[in-house]
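S.K.: So that you have it, the file is run07.cif, and it contains mmCIF, C-alpha atoms:
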```cif
data_query
loop_
_atom_site.label_atom_id
_atom_site.label_comp_id
_atom_site.auth_asym_id
_atom_site.auth_seq_id
_atom_site.Cartn_x
_atom_site.Cartn_y
_atom_site.Cartn_z
CA MET C 121 -14.53 9.18 -24.31
CA SER C 122 -14.47 5.92 -22.31
CA LYS C 123 -11.43 4.72 -20.39
CA MET C 124 -10.90 1.84 -22.82
CA ALA C 125 -11.27 4.06 -25.88
CA THR C 126 -8.75 6.52 -24.45
CA GLU C 127 -6.27 3.76 -23.77
CA ILE C 128 -6.42 2.04 -27.16
CA GLU C 129 -6.60 5.11 -29.38
CA ALA C 130 -3.00 5.44 -30.53
CA ALA C 131 -0.70 5.48 -33.49
CA THR C 132 2.05 2.91 -33.66
CA MET C 133 5.23 3.98 -31.87
CA PRO C 134 8.68 2.37 -32.21
CA SER C 135 9.43 -0.05 -29.39
CA THR C 136 12.47 2.00 -28.30
CA VAL C 137 10.28 5.10 -27.87
CA LEU C 138 7.76 3.14 -25.83
CA ALA C 139 10.51 1.70 -23.65
CA GLU C 140 11.96 5.17 -22.99
CA LEU C 141 8.49 6.54 -22.26
CA GLY C 142 7.91 3.72 -19.78
CA VAL C 143 11.15 4.49 -17.96
CA ARG C 144 10.29 8.19 -17.73
CA LEU C 145 6.75 7.48 -16.51
CA ARG C 146 8.04 5.18 -13.78
CA ALA C 147 10.62 7.78 -12.76
CA TRP C 148 8.02 10.56 -12.54
CA ARG C 149 5.61 8.34 -10.62
CA ALA C 150 8.37 7.43 -8.17
CA ARG C 151 9.45 11.04 -7.86
CA ARG C 152 5.88 12.04 -7.07
CA GLY C 153 5.58 9.12 -4.66
CA MET C 154 2.44 7.76 -6.32
CA THR C 155 1.39 4.13 -6.56
CA ARG C 156 0.21 2.87 -9.91
CA LYS C 157 -3.23 2.47 -8.36
CA GLN C 158 -3.31 6.13 -7.35
CA LEU C 159 -2.07 7.28 -10.74
CA GLY C 160 -4.77 5.18 -12.37
CA ALA C 161 -7.45 6.71 -10.18
CA ASP C 162 -6.25 10.26 -10.81
CA SER C 163 -5.78 9.83 -14.55
CA GLY C 164 -8.83 7.69 -15.27
CA LEU C 165 -6.66 4.95 -16.79
CA SER C 166 -6.49 1.34 -15.72
CA GLU C 167 -3.63 -0.05 -13.64
CA ARG C 168 -3.14 -2.80 -16.21
CA PHE C 169 -2.73 -0.27 -19.00
CA LEU C 170 -0.29 1.83 -16.95
CA ALA C 171 1.71 -1.30 -16.13
CA ASP C 172 1.96 -2.09 -19.85
CA VAL C 173 3.09 1.46 -20.63
CA GLU C 174 5.71 1.41 -17.87
CA THR C 175 7.19 -1.84 -19.14
CA GLY C 176 7.23 -0.63 -22.75
CA ARG C 177 4.60 -3.12 -23.91
CA GLY C 178 1.64 -0.79 -24.27
CA ASN C 179 1.06 1.78 -26.96
CA VAL C 180 -0.32 5.09 -25.81
CA SER C 181 -2.39 7.89 -27.27
CA ILE C 182 -1.98 11.62 -26.82
CA ASN C 183 -5.21 11.56 -24.77
CA SER C 184 -3.70 9.00 -22.39
CA LEU C 185 -0.44 10.93 -22.16
CA THR C 186 -2.35 14.10 -21.38
CA ALA C 187 -4.35 12.33 -18.66
CA VAL C 188 -1.19 10.90 -17.09
CA ALA C 189 0.65 14.23 -17.25
CA ARG C 190 -2.29 16.05 -15.67
CA ALA C 191 -2.44 13.52 -12.83
CA LEU C 192 1.31 13.93 -12.24
CA ASN C 193 0.98 17.71 -12.48
CA ILE C 194 3.58 17.94 -15.26
CA SER C 195 3.44 18.71 -18.97
CA VAL C 196 3.20 16.09 -21.70
CA LEU C 197 6.58 17.39 -22.86
CA ASP C 198 8.05 16.42 -19.48
CA LEU C 199 7.00 12.84 -20.20
CA LEU C 200 8.44 13.06 -23.70
CA GLN C 201 11.72 14.49 -22.42
CA GLU C 202 11.45 18.08 -23.49
CA PRO C 203 14.72 19.28 -25.07
CA VAL C 204 16.75 21.91 -23.25
CA HIS C 205 16.06 25.46 -24.43
CA PRO C 206 18.93 26.55 -26.77
CA PRO C 207 19.92 29.61 -24.67
CA LEU C 208 20.17 27.35 -21.63
CA GLN C 209 22.39 25.00 -23.59
CA ARG C 210 24.72 27.89 -24.40
CA VAL C 211 24.78 29.01 -20.75
CA HIS C 212 25.49 25.44 -19.65
CA GLY C 213 28.33 25.26 -22.13
CA LEU C 214 29.89 28.40 -20.68
CA LEU C 215 29.44 27.31 -17.07
CA ALA C 216 30.91 23.89 -17.83
CA ARG C 217 34.27 25.61 -18.39
CA LEU C 218 34.38 27.00 -14.83
CA ASP C 219 35.80 25.36 -11.74
CA ASP C 220 33.81 25.09 -8.50
CA GLU C 221 35.05 28.38 -7.09
CA GLN C 222 34.23 30.22 -10.31
CA LEU C 223 30.78 28.61 -10.40
CA ASP C 224 30.03 29.99 -6.93
CA VAL C 225 31.03 33.46 -8.10
CA ALA C 226 28.92 33.11 -11.26
CA LEU C 227 25.90 32.03 -9.21
CA SER C 228 26.25 35.03 -6.91
CA LEU C 229 26.60 37.44 -9.83
CA LEU C 230 23.54 36.02 -11.61
CA GLY C 231 21.47 36.14 -8.43
CA ALA C 232 22.51 39.71 -7.64
CA HIS C 233 22.00 40.99 -11.20
CA PHE C 234 18.59 39.40 -11.78
CA GLY C 235 17.28 39.58 -8.22
CA LEU C 236 17.39 35.81 -7.79
CA GLY C 237 19.45 35.68 -4.64
CA ASP C 238 18.45 33.86 -1.47
CA ALA C 239 16.01 35.50 0.91
CA PRO C 240 17.89 37.47 3.61
CA GLU C 241 16.13 35.56 6.44
CA ARG C 242 16.91 32.17 4.87
CA ALA C 243 19.60 31.32 7.43
CA VAL C 244 17.17 31.30 10.36
CA ARG C 245 14.51 29.17 8.66
CA ILE C 246 15.40 25.48 8.72
CA ALA C 247 13.64 22.90 6.54
CA LEU C 248 14.14 19.15 6.91
CA ILE C 249 13.57 17.20 3.70
CA GLY C 250 13.64 13.48 2.95
CA LEU C 251 11.53 10.36 2.75
CA ARG C 252 9.17 9.23 5.50
CA GLY C 253 10.84 7.21 8.22
CA ALA C 254 14.12 9.15 8.19
CA GLY C 255 13.28 10.87 11.49
CA LYS C 256 12.45 14.40 10.29
CA SER C 257 9.65 15.09 12.76
CA THR C 258 11.44 13.64 15.79
CA LEU C 259 14.67 15.51 15.07
CA GLY C 260 12.90 18.68 13.95
CA GLN C 261 10.90 18.97 17.16
CA GLN C 262 13.98 18.49 19.33
CA LEU C 263 16.08 20.92 17.30
CA ALA C 264 13.33 23.53 17.55
CA VAL C 265 13.28 23.19 21.34
CA GLN C 266 17.06 23.54 21.55
CA ARG C 267 17.12 26.56 19.24
CA GLY C 268 14.08 28.19 20.82
CA LEU C 269 12.25 28.22 17.48
CA PRO C 270 8.69 27.28 16.48
CA PHE C 271 8.26 23.81 14.95
CA ILE C 272 5.77 23.19 12.15
CA GLU C 273 4.94 20.47 9.65
CA LEU C 274 4.23 21.73 6.14
CA ASP C 275 1.55 19.04 5.72
CA ARG C 276 -0.47 20.61 8.54
CA GLU C 277 0.01 24.07 7.03
CA ILE C 278 -1.29 22.76 3.69
CA GLU C 279 -4.39 21.47 5.46
CA ARG C 280 -4.84 24.88 7.08
CA GLU C 281 -4.50 26.52 3.68
CA ALA C 282 -7.13 24.26 2.14
CA MET C 283 -9.23 24.07 5.33
CA THR C 284 -9.52 20.31 4.91
CA SER C 285 -7.45 17.12 5.24
CA LEU C 286 -4.84 15.94 2.77
CA ASN C 287 -7.10 13.06 1.78
CA GLU C 288 -9.90 15.46 0.93
CA ILE C 289 -7.55 17.76 -0.98
CA PHE C 290 -6.59 14.93 -3.30
CA LEU C 291 -10.12 13.65 -3.63
CA LEU C 292 -11.46 17.10 -4.50
CA HIS C 293 -8.55 18.69 -6.35
CA GLY C 294 -6.08 15.96 -7.33
CA GLN C 295 -2.29 16.27 -7.54
CA ALA C 296 -2.36 19.67 -9.26
CA GLY C 297 -4.65 21.13 -6.61
CA TYR C 298 -2.51 19.80 -3.81
CA ARG C 299 0.61 21.35 -5.36
CA ARG C 300 -1.08 24.74 -5.51
CA TYR C 301 -1.95 24.57 -1.81
CA GLU C 302 1.57 23.34 -1.04
CA ARG C 303 3.18 26.33 -2.73
CA ARG C 304 0.77 28.78 -1.09
CA ALA C 305 1.41 27.26 2.34
CA LEU C 306 5.17 27.42 1.83
CA LEU C 307 5.00 31.09 0.82
CA ARG C 308 2.88 31.87 3.88
CA VAL C 309 5.27 30.07 6.23
CA ALA C 310 8.27 31.91 4.76
CA GLN C 311 6.53 35.24 5.27
CA THR C 312 5.21 34.39 8.75
CA TYR C 313 8.52 33.34 10.32
CA PRO C 314 11.20 35.94 9.47
CA GLN C 315 12.69 35.37 12.95
CA GLY C 316 13.19 31.65 12.41
CA VAL C 317 11.39 28.30 12.33
CA VAL C 318 12.10 24.58 12.02
CA MET C 319 9.87 22.91 9.43
CA THR C 320 9.48 19.41 8.01
CA THR C 321 8.26 18.88 4.47
CA GLY C 322 6.57 16.07 2.58
CA GLY C 323 9.00 13.73 0.87
CA SER C 324 7.74 14.50 -2.63
CA LEU C 325 8.02 18.31 -2.46
CA VAL C 326 11.44 18.12 -4.12
CA SER C 327 9.86 16.76 -7.30
CA GLU C 328 7.90 19.99 -7.82
CA ARG C 329 10.53 22.17 -9.48
CA GLU C 330 9.25 25.68 -8.73
CA THR C 331 8.19 24.86 -5.17
CA PHE C 332 11.53 23.21 -4.41
CA GLU C 333 13.38 26.22 -5.79
CA LEU C 334 11.29 28.43 -3.49
CA LEU C 335 12.17 26.20 -0.54
CA LEU C 336 15.89 26.30 -1.34
CA LYS C 337 15.77 30.06 -1.72
CA SER C 338 13.84 30.69 1.51
CA PHE C 339 15.10 27.99 3.91
CA TYR C 340 18.34 26.41 5.05
CA CYS C 341 17.63 22.83 3.92
CA VAL C 342 18.88 19.64 5.53
CA TRP C 343 18.37 16.24 3.93
CA VAL C 344 17.59 13.73 6.67
CA LYS C 345 18.35 10.38 5.06
CA ALA C 346 18.40 6.71 5.99
CA SER C 347 18.81 3.36 4.28
CA PRO C 348 15.77 1.84 2.52
CA GLU C 349 15.66 -0.88 5.17
CA GLU C 350 15.52 1.66 7.98
CA HIS C 351 12.86 3.71 6.22
CA MET C 352 10.74 0.57 6.05
CA GLY C 353 11.52 -0.61 9.56
CA ARG C 354 10.70 2.71 11.20
CA VAL C 355 7.39 3.10 9.41
CA VAL C 356 6.43 -0.48 10.28
CA ALA C 357 7.37 0.19 13.91
CA GLN C 358 5.07 3.22 13.86
CA GLY C 359 2.25 0.94 12.70
CA ASP C 360 1.63 3.25 9.77
CA MET C 361 1.96 1.59 6.38
CA ARG C 362 -0.45 3.85 4.55
CA PRO C 363 -0.31 3.83 0.79
CA PHE C 364 0.54 7.07 -1.00
CA VAL C 365 -2.24 9.01 0.68
CA ALA C 366 -4.36 10.27 -2.20
CA GLY C 367 -1.34 11.42 -4.04
CA ALA C 368 1.86 11.01 -2.24
CA VAL C 369 2.47 13.54 0.32
CA THR C 370 2.62 12.37 3.92
CA ALA C 371 2.71 8.69 2.96
CA ASP C 372 5.53 7.84 0.64
CA LEU C 373 5.64 4.16 1.40
CA PRO C 374 3.54 1.34 -0.07
CA ASP C 375 0.77 -0.50 1.70
CA ALA C 376 1.98 -3.82 3.14
CA SER C 377 -1.56 -5.20 2.93
CA THR C 378 -1.58 -4.93 -0.87
CA ALA C 379 2.05 -5.57 -1.72
CA SER C 380 4.69 -7.95 -0.45
CA MET C 381 7.53 -6.58 1.65
CA THR C 382 9.87 -7.25 -1.26
CA GLU C 383 7.75 -5.15 -3.56
CA ALA C 384 7.51 -2.46 -0.90
CA MET C 385 11.29 -2.36 -0.55
CA ASP C 386 11.64 -2.13 -4.33
CA ASP C 387 9.29 0.85 -4.32
CA ILE C 388 11.29 2.57 -1.58
CA ARG C 389 14.57 2.02 -3.41
CA ARG C 390 13.07 3.34 -6.64
CA ILE C 391 11.70 6.45 -4.90
CA LEU C 392 15.03 7.15 -3.20
CA ALA C 393 16.95 6.62 -6.44
CA SER C 394 14.66 8.96 -8.37
CA ARG C 395 14.93 11.71 -5.75
CA GLU C 396 18.53 11.32 -4.62
CA ALA C 397 19.91 14.06 -6.89
CA LEU C 398 17.11 16.38 -5.73
CA TYR C 399 17.57 15.71 -2.02
CA ALA C 400 21.32 16.19 -2.51
CA ARG C 401 20.72 19.87 -3.38
CA ALA C 402 20.15 20.51 0.32
CA ASP C 403 22.66 22.66 2.21
CA ALA C 404 23.57 19.76 4.48
CA VAL C 405 22.94 16.05 4.93
CA VAL C 406 22.29 14.13 8.14
CA ASP C 407 22.43 10.35 7.75
CA THR C 408 20.40 8.68 10.50
CA ALA C 409 21.31 5.14 9.42
CA ALA C 410 22.51 3.09 12.39
CA ARG C 411 22.35 6.20 14.60
CA THR C 412 20.34 6.78 17.76
CA VAL C 413 18.05 9.80 18.00
CA LYS C 414 20.54 11.43 20.37
CA GLN C 415 23.43 10.87 17.96
CA SER C 416 21.41 12.08 14.98
CA LEU C 417 20.34 15.21 16.86
CA LYS C 418 23.99 16.05 17.52
CA ASP C 419 24.70 15.52 13.82
CA LEU C 420 21.82 17.84 12.95
CA GLU C 421 23.06 20.50 15.39
CA ARG C 422 26.44 20.42 13.67
CA ALA C 423 24.82 20.51 10.22
CA VAL C 424 22.90 23.69 11.02
CA PRO C 425 25.46 26.46 11.69
CA ALA C 426 25.35 27.99 15.15
CA LEU C 427 25.11 31.47 13.68
CA ILE C 428 21.50 30.83 12.64
CA ALA C 429 20.43 29.94 16.15
#
```
Could you show the structure in this file as structure tokens?
M.R.:
Amino acid sequence: MSKMATEIEAATMPSTVLAELGVRLRAWRARRGMTRKQLGADSGLSERFLADVETGRGNVSINSLTAVARALNISVLDLLQEPVHPPLQRVHGLLARLDDEQLDVALSLLGAHFGLGDAPERAVRIALIGLRGAGKSTLGQQLAVQRGLPFIELDREIEREAMTSLNEIFLLHGQAGYRRYERRALLRVAQTYPQGVVMTTGGSLVSERETFELLLKSFYCVWVKASPEEHMGRVVAQGDMRPFVAGAVTADLPDASTASMTEAMDDIRRILASREALYARADAVVDTAARTVKQSLKDLERAVPALIA
């Protein structure tokens, strides 16, 4: 079926449904860190059509939804806001009655009973998460030196896993293929460094539910954050304004050559807003806004308990 035929084949949907679908699509695209151009290339749909869908003006077929979901490496039901499973609703209702202290106890009991507890070596494996430009690599390398631990970048481990570059991974395998290599690389790193490691991750890892849960279970996670303006300024200073490199992993920021700085800042704010609740699940937060590298490193040292050194 041609791209145009796929895009126009659709039953009429209420405008409210289309508007909600557009909001969810934009949120998922931001969470993945993908430009509309990249999503169009991966899904086989035109940028114009995707823009219409995101603004609630374009109708959409199940074929188009399937193509978009596949490119985002999610299910169609994720785009259509899959309802919570009834047993989970009942569990949520019970947990909602507990205070914070009781919730901690409940989490420990569930983890112990069902074997879902944190890995025993988790405390000595440190993962820095956050958007590009926050200072993860700079701080991670210095912390590793101070703690006498190896320093690695998950992006490089993904390339080792696939035996090719990130660009080639996305060209050959798309978003879904990249996510498979990402999870495999993360598992390998967790198994390889039981004595400790400092690792940086791609900014969009948190949007992959199962992989993020694995990271939280296996690593002591620190969210290295900054203001949108500082994210932009630091990446510009590095002379690296790559678009979402074939799918959003090492390059989370838009390309200044194809979008105005205002549009780029809007993209950064949207990405941060869509991921904020995910990044906030980290064990600790280090805000590098208006801080020197030396000051931020001290903040990071305090954020990572001395007992895991």
S.K.: Considering all atoms listed in the file, give me a table of residues in range 128-234 of chain C that are at most 12 Å from range 297-301 of chain C, with the closest atom pair and distance in Å for each, as a tab-separated table.
M.R.:
```
residue	atom	partner	partner_atom	distance
C:Arg152	CA	C:Arg299	CA	10.8
C:Asp162	CA	C:Gly297	CA	11.8
C:Arg190	CA	C:Gly297	CA	10.7
C:Ala191	CA	C:Gly297	CA	10.1
C:Leu192	CA	C:Arg299	CA	10.1
C:Asn193	CA	C:Arg299	CA	8.0
C:Ile194	CA	C:Arg299	CA	10.9
```
S.K.: Interatomic distance between CA of Gly353 in chain C and CA of Glu328 in chain C?
M.R.: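 That distance, rounded to one decimal, is 27.2 Å.
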S.K.: Given the choices C:Arg217, C:His233, C:Arg210, C:Arg267, which gets closest to Gly316 in chain C if the distance is worked out from all atoms listed in the file?
M.R.: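 When distances to Gly316 in chain C are compared using all atoms listed in the file, the smallest one comes from C:Arg267.
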S.K.: I would like the residues chosen by the PyMOL selection byres ((chain C and resi 261) around 9) on the shown file; could you give them as a ChimeraX atom specification?
M.R.: /C:256-260,262-266,270-272,318-319
S.K.: Could you write out the selected residues, including C-alpha atoms, as a PDB file, in the coordinates of the input?
M.R.:
```
ATOM      1  CA  LYS C 256      12.450  14.400  10.290  1.00  0.00           C
ATOM      2  CA  SER C 257       9.650  15.090  12.760  1.00  0.00           C
ATOM      3  CA  THR C 258      11.440  13.640  15.790  1.00  0.00           C
ATOM      4  CA  LEU C 259      14.670  15.510  15.070  1.00  0.00           C
ATOM      5  CA  GLY C 260      12.900  18.680  13.950  1.00  0.00           C
ATOM      6  CA  GLN C 262      13.980  18.490  19.330  1.00  0.00           C
ATOM      7  CA  LEU C 263      16.080  20.920  17.300  1.00  0.00           C
ATOM      8  CA  ALA C 264      13.330  23.530  17.550  1.00  0.00           C
ATOM      9  CA  VAL C 265      13.280  23.190  21.340  1.00  0.00           C
ATOM     10  CA  GLN C 266      17.060  23.540  21.550  1.00  0.00           C
ATOM     11  CA  PRO C 270       8.690  27.280  16.480  1.00  0.00           C
ATOM     12  CA  PHE C 271       8.260  23.810  14.950  1.00  0.00           C
ATOM     13  CA  ILE C 272       5.770  23.190  12.150  1.00  0.00           C
ATOM     14  CA  VAL C 318      12.100  24.580  12.020  1.00  0.00           C
ATOM     15  CA  MET C 319       9.870  22.910   9.430  1.00  0.00           C
TER      16      MET C 319
END
```
S.K.: Write out as a list in words which residues come within 12 Å of range 280-283 of chain C when counting only C-alpha atoms, dropping same-chain ones fewer than 6 positions away.
M.R.: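 Near neighbours after the sequence-gap exclusion: Ile272, Glu273, Leu274, Ile289, Phe290, Leu292, His293, Gly297, Tyr298, Arg299, Arg300, Tyr301, Glu302, Arg303, Arg304, Ala305, Leu306, Leu307, Arg308 and Val309 of chain C.
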S.K.: Residues at most 8 Å from Ser327 in chain C, counting only C-alpha atoms, excluding those fewer than 5 positions away in the same chain, as an MDAnalysis selection string?
M.R.: chainID C and resid 151:152 332 395 398
S.K.: Counting all atoms listed in the file, I want the residues whose atoms come within 10 Å of (25.0, 8.4, 4.7) in the file frame, returned as a PyMOL selection string.
M.R.: chain C and resi 344-347+405-410
S.K.: Using all atoms listed in the file, pick whichever of C:Leu286, C:Val317, C:Leu325, C:Leu251 has the shortest atom-to-atom distance to Glu350 in chain C.
M.R.: C:Leu251
S.K.: Counting only C-alpha atoms, which residues of range 191-292 of chain C fall within 9 Å of range 311-315 of chain C, and what is the closest atom pair for each with its distance in Å at one decimal, ordered by chain and rising number, as a tab-separated table?
M.R.:
```
residue	atom	partner	partner_atom	distance
C:Glu241	CA	C:Pro314	CA	5.8
C:Arg242	CA	C:Pro314	CA	8.2
C:Val244	CA	C:Gln315	CA	6.6
C:Arg245	CA	C:Tyr313	CA	7.5
C:Leu269	CA	C:Gln315	CA	8.5
C:Pro270	CA	C:Tyr313	CA	8.6
```
S.K.: Got time to write the residues from that selection, C-alpha atoms, as a PDB file, in the coordinates of the input?
M.R.:
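After the write, out-v1.pdb holds the following:
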```pdb
ATOM      1  CA  GLU C 241      16.130  35.560   6.440  1.00  0.00           C
ATOM      2  CA  ARG C 242      16.910  32.170   4.870  1.00  0.00           C
ATOM      3  CA  VAL C 244      17.170  31.300  10.360  1.00  0.00           C
ATOM      4  CA  ARG C 245      14.510  29.170   8.660  1.00  0.00           C
ATOM      5  CA  LEU C 269      12.250  28.220  17.480  1.00  0.00           C
ATOM      6  CA  PRO C 270       8.690  27.280  16.480  1.00  0.00           C
TER       7      PRO C 270
END
```
S.K.: At a cut-off of 12 Å, using all atoms listed in the file, what residues contact range 196-201 of chain C? Leave out same-chain residues fewer than 3 positions from it and give the result as a VMD selection string.
M.R.: chain C and resid 137 to 149 174 181 to 193 204 to 205 329
S.K.: How would the residues just chosen look if you wrote them out with C-alpha atoms as a PDB file, in the coordinates of the input?
M.R.:
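And here's result.pdb as it stands now:
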```pdb
ATOM      1  CA  VAL C 137      10.280   5.100 -27.870  1.00  0.00           C
ATOM      2  CA  LEU C 138       7.760   3.140 -25.830  1.00  0.00           C
ATOM      3  CA  ALA C 139      10.510   1.700 -23.650  1.00  0.00           C
ATOM      4  CA  GLU C 140      11.960   5.170 -22.990  1.00  0.00           C
ATOM      5  CA  LEU C 141       8.490   6.540 -22.260  1.00  0.00           C
ATOM      6  CA  GLY C 142       7.910   3.720 -19.780  1.00  0.00           C
ATOM      7  CA  VAL C 143      11.150   4.490 -17.960  1.00  0.00           C
ATOM      8  CA  ARG C 144      10.290   8.190 -17.730  1.00  0.00           C
ATOM      9  CA  LEU C 145       6.750   7.480 -16.510  1.00  0.00           C
ATOM     10  CA  ARG C 146       8.040   5.180 -13.780  1.00  0.00           C
ATOM     11  CA  ALA C 147      10.620   7.780 -12.760  1.00  0.00           C
ATOM     12  CA  TRP C 148       8.020  10.560 -12.540  1.00  0.00           C
ATOM     13  CA  ARG C 149       5.610   8.340 -10.620  1.00  0.00           C
ATOM     14  CA  GLU C 174       5.710   1.410 -17.870  1.00  0.00           C
ATOM     15  CA  SER C 181      -2.390   7.890 -27.270  1.00  0.00           C
ATOM     16  CA  ILE C 182      -1.980  11.620 -26.820  1.00  0.00           C
ATOM     17  CA  ASN C 183      -5.210  11.560 -24.770  1.00  0.00           C
ATOM     18  CA  SER C 184      -3.700   9.000 -22.390  1.00  0.00           C
ATOM     19  CA  LEU C 185      -0.440  10.930 -22.160  1.00  0.00           C
ATOM     20  CA  THR C 186      -2.350  14.100 -21.380  1.00  0.00           C
ATOM     21  CA  ALA C 187      -4.350  12.330 -18.660  1.00  0.00           C
ATOM     22  CA  VAL C 188      -1.190  10.900 -17.090  1.00  0.00           C
ATOM     23  CA  ALA C 189       0.650  14.230 -17.250  1.00  0.00           C
ATOM     24  CA  ARG C 190      -2.290  16.050 -15.670  1.00  0.00           C
ATOM     25  CA  ALA C 191      -2.440  13.520 -12.830  1.00  0.00           C
ATOM     26  CA  LEU C 192       1.310  13.930 -12.240  1.00  0.00           C
ATOM     27  CA  ASN C 193       0.980  17.710 -12.480  1.00  0.00           C
ATOM     28  CA  VAL C 204      16.750  21.910 -23.250  1.00  0.00           C
ATOM     29  CA  HIS C 205      16.060  25.460 -24.430  1.00  0.00           C
ATOM     30  CA  ARG C 329      10.530  22.170  -9.480  1.00  0.00           C
TER      31      ARG C 329
END
```
S.K.: Mind pulling up the distance from CA of Ile388 in chain C to CA of Gln158 in chain C?
M.R.: 16.1 Å
S.K.: Evaluate the PyMOL selection byres ((chain C and resi 249) around 6) against this structure - the residues, as a list in words, please.
M.R.: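 For this structure, the PyMOL selection byres ((chain C and resi 249) around 6) captures Leu248, Gly250, Thr321 and Trp343 of chain C.
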S.K.: Might you pull out every residue within 9 Å of Val424 in chain C, with only C-alpha atoms counted and same-chain residues fewer than 5 positions away left off, and present them as a list in words?
M.R.: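 The contact residues come out as Ile246, Tyr340, Cys341, Val342, Asp403, Ala404, Asp419 and Ala429 of chain C.
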S.K.: Could you work out how far CA of Gly255 in chain C lies from CA of Lys418 in chain C, giving the answer in Å with one decimal?
M.R.: 13.3 Å
S.K.: I'd like to know which of C:Arg252, C:Lys414, C:Arg422, C:Arg276 is closest to Pro348 in chain C, using only C-alpha atoms.
M.R.: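 Closest candidate: C:Arg252.
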S.K.: Pick out the closest residue to Arg177 in chain C from this set: C:Gly253, C:Gly153, C:Ser135, C:Met381. Count only C-alpha atoms.
M.R.: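 Looking at the shortest contact to Arg177 in chain C, the residue is C:Ser135.
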